[in-house]
$ cat start_29.txt   # compact mmCIF, C-alpha atoms and all ligand atoms
# COMPACT_ATOMS: atom_id res chain seq x y z
CA MET A 9 47.41 15.81 4.15
CA SER A 10 46.59 18.34 6.88
CA SER A 11 42.96 18.83 7.77
CA ASP A 12 43.02 22.33 6.15
CA GLY A 13 43.60 20.71 2.74
CA ILE A 14 40.33 18.82 3.08
CA LYS A 15 37.45 20.40 1.17
CA THR A 16 35.49 17.40 -0.11
CA VAL A 17 34.54 14.40 2.02
CA ALA A 18 33.03 11.19 0.67
CA VAL A 19 30.66 9.23 2.89
CA LEU A 20 29.97 5.61 1.92
CA GLY A 21 26.50 4.48 2.96
CA ALA A 22 23.49 6.76 3.47
CA GLY A 23 21.91 4.76 6.32
CA THR A 24 21.50 5.69 9.99
CA MET A 25 25.13 6.66 10.47
CA GLY A 26 26.07 7.71 6.92
CA ASN A 27 23.37 10.36 6.64
CA GLY A 28 24.31 11.71 10.07
CA ILE A 29 27.99 11.87 9.11
CA ALA A 30 27.14 13.60 5.80
CA HIS A 31 24.97 16.03 7.79
CA VAL A 32 27.74 17.11 10.18
CA PHE A 33 30.36 17.51 7.43
CA ALA A 34 28.00 19.56 5.22
CA ARG A 35 26.93 21.67 8.21
CA ALA A 36 30.60 22.42 8.91
CA GLY A 37 31.05 23.70 5.34
CA TYR A 38 32.56 20.67 3.58
CA LYS A 39 31.38 19.47 0.19
CA VAL A 40 30.04 15.96 0.65
CA ILE A 41 29.76 13.11 -1.83
CA LEU A 42 27.25 10.69 -0.35
CA ARG A 43 27.33 7.24 -1.89
CA ASP A 44 24.91 4.34 -1.62
CA VAL A 45 23.90 1.50 -3.92
CA GLU A 46 20.42 2.76 -4.91
CA LYS A 47 19.04 6.21 -5.64
CA ARG A 48 16.04 5.54 -3.37
CA LEU A 49 18.38 4.99 -0.39
CA LEU A 50 20.21 8.23 -1.16
CA ASP A 51 16.93 10.15 -1.42
CA ARG A 52 15.80 8.70 1.90
CA GLY A 53 19.14 9.66 3.47
CA LEU A 54 18.82 13.24 2.20
CA GLU A 55 15.22 13.43 3.46
CA THR A 56 16.41 12.41 6.91
CA ILE A 57 19.12 15.08 6.80
CA ALA A 58 16.53 17.71 5.80
CA LYS A 59 14.27 16.68 8.72
CA ASN A 60 17.16 16.75 11.18
CA LEU A 61 18.20 20.19 9.88
CA ASP A 62 14.63 21.43 10.53
CA ARG A 63 15.02 20.24 14.10
CA GLU A 64 18.31 22.18 14.36
CA VAL A 65 16.62 25.31 12.99
CA LYS A 66 13.92 24.99 15.68
CA LYS A 67 16.58 24.60 18.36
CA GLY A 68 18.47 27.63 17.02
CA LYS A 69 21.59 25.61 16.18
CA ILE A 70 21.46 26.81 12.56
CA THR A 71 19.41 29.52 10.83
CA GLN A 72 16.57 28.83 8.35
CA ALA A 73 18.73 30.34 5.60
CA GLU A 74 21.57 27.91 6.31
CA LYS A 75 19.44 24.81 5.72
CA PRO A 76 19.32 24.96 1.87
CA ALA A 77 23.02 25.85 1.78
CA VAL A 78 23.88 22.76 3.85
CA LEU A 79 21.75 20.52 1.62
CA ALA A 80 23.26 22.05 -1.53
CA ARG A 81 26.72 20.96 -0.38
CA ILE A 82 25.69 17.28 -0.53
CA ASP A 83 26.00 15.43 -3.85
CA LEU A 84 24.32 12.05 -4.10
CA THR A 85 25.83 9.28 -6.19
CA THR A 86 25.65 5.55 -6.83
CA ASP A 87 28.79 5.75 -8.98
CA ALA A 88 32.05 4.72 -7.24
CA SER A 89 34.20 6.58 -9.79
CA LYS A 90 32.77 9.90 -8.44
CA LEU A 91 34.62 9.24 -5.18
CA ALA A 92 37.91 10.17 -6.89
CA ALA A 93 37.22 13.83 -6.02
CA ALA A 94 37.32 13.15 -2.27
CA ASP A 95 40.04 14.53 0.04
CA PHE A 96 38.90 12.30 2.93
CA VAL A 97 36.55 9.29 3.09
CA VAL A 98 34.35 7.88 5.85
CA GLU A 99 32.94 4.40 5.31
CA ALA A 100 29.56 3.64 6.99
CA VAL A 101 28.22 0.54 5.23
CA PRO A 102 26.71 -2.38 7.22
CA GLU A 103 28.84 -4.15 9.81
CA GLN A 104 29.95 -7.14 7.70
CA PHE A 105 33.62 -7.78 7.12
CA GLU A 106 33.29 -9.04 3.51
CA LEU A 107 31.05 -6.16 2.48
CA LYS A 108 33.33 -3.56 4.09
CA THR A 109 36.35 -5.17 2.42
CA ARG A 110 34.68 -4.98 -1.00
CA VAL A 111 33.63 -1.35 -0.50
CA LEU A 112 37.05 -0.29 0.83
CA LYS A 113 38.95 -1.97 -2.02
CA GLU A 114 36.65 -0.31 -4.56
CA VAL A 115 37.25 3.18 -3.16
CA ASP A 116 40.97 2.59 -2.45
CA VAL A 117 41.75 2.27 -6.18
CA VAL A 118 40.03 5.51 -7.20
CA LEU A 119 41.38 7.77 -4.43
CA ARG A 120 44.48 9.92 -4.72
CA PRO A 121 47.41 8.34 -2.86
CA GLY A 122 47.47 10.76 0.12
CA VAL A 123 43.77 10.54 0.94
CA VAL A 124 42.80 9.09 4.35
CA LEU A 125 40.22 6.34 4.50
CA ALA A 126 38.29 6.14 7.79
CA SER A 127 35.84 3.45 8.91
CA ASN A 128 32.90 4.01 11.23
CA THR A 129 32.87 0.33 12.24
CA SER A 130 31.63 -0.37 15.78
CA SER A 131 33.54 -3.57 16.26
CA ILE A 132 35.65 -4.79 13.34
CA SER A 133 39.44 -4.55 13.76
CA ILE A 134 40.80 -1.35 12.19
CA THR A 135 44.15 -3.10 11.69
CA GLN A 136 42.47 -5.89 9.73
CA LEU A 137 40.35 -3.53 7.59
CA ALA A 138 43.43 -1.38 6.90
CA ALA A 139 45.29 -4.46 5.67
CA GLN A 140 42.67 -4.97 2.95
CA THR A 141 43.69 -1.66 1.34
CA SER A 142 46.87 -0.33 -0.26
CA ARG A 143 47.03 2.43 2.39
CA PRO A 144 47.16 0.89 5.90
CA ASP A 145 49.14 3.93 7.13
CA ARG A 146 46.35 6.24 5.86
CA PHE A 147 43.59 4.15 7.41
CA ILE A 148 41.88 4.92 10.74
CA GLY A 149 38.73 4.28 12.77
CA MET A 150 36.34 7.20 13.16
CA HIS A 151 33.57 5.88 15.40
CA PHE A 152 30.73 8.41 15.46
CA MET A 153 27.89 7.91 17.92
CA ASN A 154 24.20 7.71 17.07
CA PRO A 155 22.49 10.18 16.48
CA VAL A 156 25.55 11.74 14.83
CA PRO A 157 24.34 15.36 14.65
CA VAL A 158 23.68 15.33 18.41
CA MET A 159 26.38 13.20 20.01
CA VAL A 160 29.67 14.96 20.68
CA LEU A 161 32.05 12.01 20.91
CA VAL A 162 34.09 10.54 18.05
CA GLU A 163 36.18 7.57 19.17
CA VAL A 164 39.28 7.77 16.96
CA ILE A 165 40.94 4.37 16.63
CA ARG A 166 44.52 3.91 15.54
CA GLY A 167 45.25 0.68 13.72
CA LEU A 168 48.66 -0.94 14.04
CA ALA A 169 49.94 0.83 10.91
CA THR A 170 48.08 4.16 11.22
CA SER A 171 50.62 6.98 10.75
CA ASP A 172 50.96 9.96 13.09
CA ASP A 173 49.99 12.20 10.18
CA THR A 174 46.75 10.31 9.56
CA PHE A 175 45.97 10.37 13.26
CA GLN A 176 46.58 14.13 13.61
CA THR A 177 44.60 14.94 10.45
CA THR A 178 41.63 12.92 11.73
CA MET A 179 41.71 14.42 15.23
CA ALA A 180 41.85 17.95 13.78
CA LEU A 181 39.05 17.15 11.34
CA CYS A 182 36.79 16.05 14.21
CA GLU A 183 37.36 19.41 15.93
CA THR A 184 36.19 21.24 12.79
CA LEU A 185 32.91 19.31 13.12
CA GLU A 186 32.57 20.59 16.71
CA LYS A 187 33.05 17.02 17.94
CA LYS A 188 35.32 15.85 20.72
CA PRO A 189 37.66 13.16 19.43
CA VAL A 190 39.02 10.66 21.93
CA ALA A 191 41.99 8.55 20.84
CA VAL A 192 42.09 4.84 21.55
CA ASN A 193 44.05 1.90 20.20
CA ASP A 194 42.65 -0.97 18.19
CA ALA A 195 41.25 -3.76 20.39
CA PRO A 196 37.92 -5.64 20.27
CA GLY A 197 35.04 -3.23 20.96
CA PHE A 198 37.52 -0.33 21.28
CA VAL A 199 36.59 1.43 24.54
CA SER A 200 32.95 2.41 23.96
CA ASN A 201 31.51 -1.04 23.33
CA ARG A 202 33.96 -2.89 25.54
CA VAL A 203 32.63 -0.95 28.51
CA LEU A 204 29.00 -0.46 27.42
CA MET A 205 28.12 -3.96 26.22
CA PRO A 206 28.98 -5.79 29.47
CA LEU A 207 26.72 -3.25 31.26
CA ILE A 208 23.83 -3.98 28.90
CA ASN A 209 24.53 -7.72 29.09
CA GLU A 210 24.53 -7.71 32.90
CA ALA A 211 21.26 -5.75 32.91
CA ALA A 212 19.76 -8.46 30.66
CA PHE A 213 21.03 -11.21 33.01
CA ALA A 214 19.38 -9.40 35.95
CA VAL A 215 16.05 -9.48 34.08
CA MET A 216 16.52 -13.10 32.98
CA GLU A 217 17.27 -14.23 36.53
CA GLY A 218 14.20 -12.43 37.86
CA VAL A 219 16.23 -9.99 39.96
CA ALA A 220 14.18 -7.06 38.62
CA THR A 221 11.94 -5.94 35.77
CA PRO A 222 13.45 -3.97 32.85
CA GLU A 223 11.75 -0.84 34.25
CA ALA A 224 13.36 -1.41 37.67
CA VAL A 225 16.83 -2.08 36.23
CA ASP A 226 16.63 1.08 34.14
CA ALA A 227 15.27 3.13 37.05
CA VAL A 228 18.19 2.07 39.26
CA MET A 229 20.73 3.16 36.68
CA LYS A 230 18.96 6.43 35.82
CA LEU A 231 18.09 7.59 39.33
CA GLY A 232 21.05 6.08 41.12
CA MET A 233 23.89 6.46 38.65
CA ASN A 234 22.60 9.52 36.78
CA HIS A 235 22.57 7.73 33.41
CA PRO A 236 20.31 9.67 31.02
CA MET A 237 18.90 6.37 29.71
CA GLY A 238 18.71 2.97 31.36
CA PRO A 239 20.87 0.19 29.84
CA LEU A 240 17.86 -1.74 28.54
CA GLU A 241 16.25 1.31 26.96
CA LEU A 242 19.62 1.97 25.37
CA ALA A 243 19.89 -1.65 24.17
CA ASP A 244 16.46 -1.33 22.51
CA PHE A 245 17.64 1.89 20.86
CA ILE A 246 20.88 0.33 19.58
CA GLY A 247 19.13 -2.87 18.44
CA LEU A 248 19.34 -6.13 20.38
CA ASP A 249 20.76 -7.92 17.32
CA VAL A 250 23.54 -5.33 17.14
CA CYS A 251 24.25 -5.83 20.87
CA VAL A 252 24.50 -9.62 20.45
CA ASN A 253 26.81 -9.21 17.44
CA ILE A 254 29.12 -6.90 19.37
CA LEU A 255 29.14 -9.21 22.40
CA ASP A 256 30.12 -12.05 20.04
CA VAL A 257 33.00 -9.93 18.74
CA LEU A 258 34.17 -9.30 22.32
CA PHE A 259 33.71 -12.97 23.28
CA ASN A 260 35.64 -14.23 20.24
CA GLY A 261 38.24 -11.46 20.35
CA PHE A 262 39.18 -11.93 24.00
CA GLY A 263 38.21 -15.59 24.46
CA ASP A 264 36.83 -14.57 27.83
CA SER A 265 33.49 -15.93 29.09
CA LYS A 266 32.67 -12.62 30.77
CA TYR A 267 31.53 -11.40 27.33
CA ARG A 268 29.13 -14.34 26.71
CA ALA A 269 25.89 -12.84 25.35
CA CYS A 270 22.98 -13.26 27.78
CA PRO A 271 20.64 -16.08 26.60
CA LEU A 272 17.65 -13.76 27.06
CA LEU A 273 19.15 -11.27 24.58
CA LYS A 274 19.66 -14.10 22.09
CA LYS A 275 16.12 -15.37 22.63
CA TYR A 276 14.67 -11.90 21.95
CA VAL A 277 16.72 -11.64 18.76
CA ALA A 278 15.54 -15.11 17.67
CA ALA A 279 11.94 -13.97 18.23
CA GLY A 280 12.49 -10.88 16.09
CA TRP A 281 12.30 -8.61 19.15
CA LEU A 282 15.12 -6.35 18.07
CA GLY A 283 14.18 -3.25 20.06
CA ARG A 284 12.76 0.03 18.77
CA LYS A 285 13.26 -0.76 15.11
CA SER A 286 11.00 -3.86 15.27
CA GLY A 287 8.46 -2.37 17.68
CA ARG A 288 9.42 -4.64 20.58
CA GLY A 289 12.48 -5.43 22.66
CA PHE A 290 12.66 -5.09 26.43
CA TYR A 291 9.83 -2.57 25.90
CA LYS A 292 6.94 -2.26 23.44
CA TYR A 293 6.86 0.66 21.00
CA ALA A 294 3.82 2.01 19.20
N1 LIG B 1 23.58 2.39 14.12
C1 LIG B 1 24.39 2.73 15.11
O1 LIG B 1 23.94 3.07 16.22
C2 LIG B 1 25.87 2.74 14.90
C3 LIG B 1 26.67 3.47 15.81
C4 LIG B 1 28.05 3.55 15.58
C5 LIG B 1 28.60 2.88 14.49
N2 LIG B 1 27.80 2.15 13.65
C6 LIG B 1 28.45 1.48 12.51
O2 LIG B 1 28.19 2.27 11.35
C7 LIG B 1 28.14 1.42 10.20
C8 LIG B 1 26.84 1.65 9.47
O3 LIG B 1 25.76 1.33 10.32
P1 LIG B 1 24.28 1.89 10.09
O4 LIG B 1 23.56 1.63 11.35
O5 LIG B 1 24.34 3.25 9.53
O6 LIG B 1 23.78 0.88 8.95
P2 LIG B 1 22.54 1.07 7.95
O7 LIG B 1 22.14 -0.30 7.55
O8 LIG B 1 21.52 2.00 8.53
O9 LIG B 1 23.18 1.82 6.69
C9 LIG B 1 24.15 1.24 5.84
C10 LIG B 1 23.97 1.79 4.43
O10 LIG B 1 25.06 1.34 3.62
C11 LIG B 1 24.54 1.09 2.33
N3 LIG B 1 25.44 0.25 1.53
C12 LIG B 1 25.46 -1.11 1.40
N4 LIG B 1 26.41 -1.45 0.51
C13 LIG B 1 26.99 -0.31 0.06
C14 LIG B 1 28.02 -0.02 -0.88
N5 LIG B 1 28.63 -0.99 -1.55
N6 LIG B 1 28.35 1.28 -1.08
C15 LIG B 1 27.72 2.27 -0.42
N7 LIG B 1 26.72 2.04 0.47
C16 LIG B 1 26.37 0.78 0.71
C17 LIG B 1 23.18 0.44 2.62
O11 LIG B 1 22.36 0.46 1.46
C18 LIG B 1 22.67 1.32 3.76
O12 LIG B 1 21.95 2.44 3.27
C19 LIG B 1 28.35 0.00 10.71
O13 LIG B 1 29.71 -0.32 10.60
C20 LIG B 1 27.94 0.11 12.18
O14 LIG B 1 28.58 -0.85 12.98
C21 LIG B 1 26.46 2.09 13.82

$ encode --input "start_29.txt" --output "structure tokens"
Amino acid sequence: MSSDGIKTVAVLGAGTMGNGIAHVFARAGYKVILRDVEKRLLDRGLETIAKNLDREVKKGKITQAEKPAVLARIDLTTDASKLAAADFVVEAVPEQFELKTRVLKEVDVVLRPGVVLASNTSSISITQLAAQTSRPDRFIGMHFMNPVPVMVLVEVIRGLATSDDTFQTTMALCETLEKKPVAVNDAPGFVSNRVLMPLINEAAFAVMEGVATPEAVDAVMKLGMNHPMGPLELADFIGLDVCVNILDVLFNGFGDSKYRACPLLKKYVAAGWLGRKSGRGFYKYA
């Protein structure tokens, strides 16, 4: 299917990434079917979208009149059979292989044969997820960045069996969202996390070894390398548990000790210091 044939997009999961993905598709004029397992989670997702749209109105990105129209394009459902109407699907459920497999198999059987199924996974092999479905050639990675309405990049990941058609449709679709797609092949951590996580890990080692405080490490990278955020601030934003999980994927995937998660990161996770979301990580949050 070409991207012009796509009118309705299903988004699986209304969490951090799912509501952002639903937001950008609805803003670009697509009808969106947003699916989660409980109505309360869908309502919370829609509330977040409404708040983020208000922010876009203030910034002049959309007009006040556009906001209700964007929201009206989003249908909420807990019913998997409703996904049959989708022309394209993006999966954004939690990063667990078994859960993703279950969700992908469930949607695979209700979709029309030509429909592309994309996963927003940060670290699971696209080739392996594709193999769980009946459509490995129409399966692709579509790795949006957080916060989705703001970040321009979509890392588009081709699995081993991804067809040229699926690839071109997905790249063109990203452009209609005013995103910049960058194509990469399937490998542990793709490009984004393969390059970012060793940076974060090394910053954590520098703190653990007493080379510098978190503030000093972040200041060096911001003032000296022009990074908008220091690596440890960024790690707190991503979630230290998420960072450790991705480092484990890199470590296991490559069998290379350079990806060994820093013991200090693991200790913080064990203590429940997960970063912003738990109120404490490398920094304390009110
Ligand atoms: N958070 C990030 O910064 C980030 C960035 C890029 C990619 N990702 C990836 O995006 C995916 C989602 O991450 P998130 O941070 O949005 O997670 P999240 O926990 O915020 O949201 C996941 C949502 O999926 C829902 N869900 C669970 N089972 C479901 C099912 N069977 N059907 C439909 N929905 C179901 C959950 O109820 C939850 O609302 C993961 O693969 C993650 O690796 C996350």

$ closest_atom_pairs --input "start_29.txt" --of "chain A" --to "ligand LIG 1 (chain B)" --cutoff "6 Å" --atoms "only C-alpha atoms and all ligand atoms" --output "Markdown table"
| residue | atom | partner | partner_atom | distance |
| --- | --- | --- | --- | --- |
| A:Leu20 | CA | B:LIG1 | C15 | 4.7 |
| A:Gly21 | CA | B:LIG1 | N7 | 3.5 |
| A:Ala22 | CA | B:LIG1 | O12 | 4.6 |
| A:Gly23 | CA | B:LIG1 | O9 | 3.2 |
| A:Thr24 | CA | B:LIG1 | O5 | 3.8 |
| A:Met25 | CA | B:LIG1 | O5 | 3.6 |
| A:Gly26 | CA | B:LIG1 | O5 | 5.4 |
| A:Arg43 | CA | B:LIG1 | C15 | 5.2 |
| A:Asp44 | CA | B:LIG1 | N7 | 3.6 |
| A:Val45 | CA | B:LIG1 | C15 | 5.2 |
| A:Leu49 | CA | B:LIG1 | O12 | 5.7 |
| A:Ala100 | CA | B:LIG1 | C7 | 4.2 |
| A:Val101 | CA | B:LIG1 | O10 | 3.6 |
| A:Pro102 | CA | B:LIG1 | C19 | 4.5 |
| A:Glu103 | CA | B:LIG1 | O13 | 4.0 |
| A:Val111 | CA | B:LIG1 | N5 | 5.1 |
| A:Asn128 | CA | B:LIG1 | O2 | 5.0 |
| A:Thr129 | CA | B:LIG1 | O13 | 3.6 |
| A:Ser130 | CA | B:LIG1 | O14 | 4.2 |
| A:His151 | CA | B:LIG1 | C5 | 5.9 |
| A:Phe152 | CA | B:LIG1 | C4 | 5.6 |
| A:Met153 | CA | B:LIG1 | C4 | 5.0 |
| A:Asn154 | CA | B:LIG1 | O1 | 4.7 |
| A:Ile246 | CA | B:LIG1 | O1 | 5.3 |

$ closest_residue --input "start_29.txt" --among "A:Thr135, A:Asn193, A:Thr184, A:Ser286" --to "Glu163 of chain A" --atoms "only C-alpha atoms"
A:Asn193

$ atom_distance --input "start_29.txt" --atom1 "atom CA of Phe175 of chain A" --atom2 "atom CA of Leu54 of chain A"
29.5 Å

$ residues_around --input "start_29.txt" --residues "segment 260-272 of chain A" --least-positions-apart "2" --cutoff "8 Å" --atoms "all atoms listed in the file" --output "ChimeraX atom specification"
/A:196,206,209-210,212-213,216,252,255-258,274-276

$ closest_residue --input "start_29.txt" --among "A:Pro76, A:Pro121, A:Pro155, A:Gly149" --to "Gly197 of chain A" --atoms "only C-alpha atoms"
A:Gly149

$ closest_residue --input "start_29.txt" --among "A:Val156, A:Leu125, A:Thr141, A:Ile82" --to "Thr177 of chain A" --atoms "only C-alpha atoms"
A:Leu125

$ closest_residue --input "start_29.txt" --among "A:Leu42, A:Ile148, A:Ala169, A:Val162" --to "Thr16 of chain A" --atoms "all atoms listed in the file"
A:Leu42

$ closest_residue --input "start_29.txt" --among "A:Ala34, A:Ala94, A:Phe259, A:Val40" --to "Ala77 of chain A" --atoms "all atoms listed in the file"
A:Ala34

$ residues_near_point --input "start_29.txt" --point "(34.4, -7.7, 6.9)" --cutoff "10 Å" --atoms "all atoms listed in the file" --output "list in words"
Pro102, Glu103, Gln104, Phe105, Glu106, Leu107, Lys108, Thr109, Arg110, Val111, Leu112, Thr129, Ile132, Ser133, Gln136, Leu137 and Gln140 of chain A

$ closest_residue --input "start_29.txt" --among "A:Asn253, A:Ala278, A:Glu241, A:Met159" --to "Lys292 of chain A" --atoms "all atoms listed in the file"
A:Glu241

$ atom_distance --input "start_29.txt" --atom1 "atom CA of Ala227 of chain A" --atom2 "atom CA of Gly283 of chain A"
18.2 Å

$ atom_distance --input "start_29.txt" --atom1 "atom CA of Phe198 of chain A" --atom2 "atom CA of Glu114 of chain A"
25.9 Å

$ residues_around --input "start_29.txt" --residues "Met179 of chain A" --least-positions-apart "3" --cutoff "8 Å" --atoms "all atoms listed in the file" --output "compact mmCIF listing (two decimals) with C-alpha atoms, in the frame of the given file"
# COMPACT_ATOMS: atom_id res chain seq x y z
CA VAL A 164 39.28 7.77 16.96
CA PHE A 175 45.97 10.37 13.26
CA GLN A 176 46.58 14.13 13.61
CA CYS A 182 36.79 16.05 14.21
CA GLU A 183 37.36 19.41 15.93
CA PRO A 189 37.66 13.16 19.43

$ residues_around --input "start_29.txt" --residues "Arg35 of chain A" --least-positions-apart "4" --cutoff "10 Å" --atoms "only C-alpha atoms" --output "ChimeraX atom specification"
/A:29-31,39-40,61,70,74-75,77-79,81-82,157,185
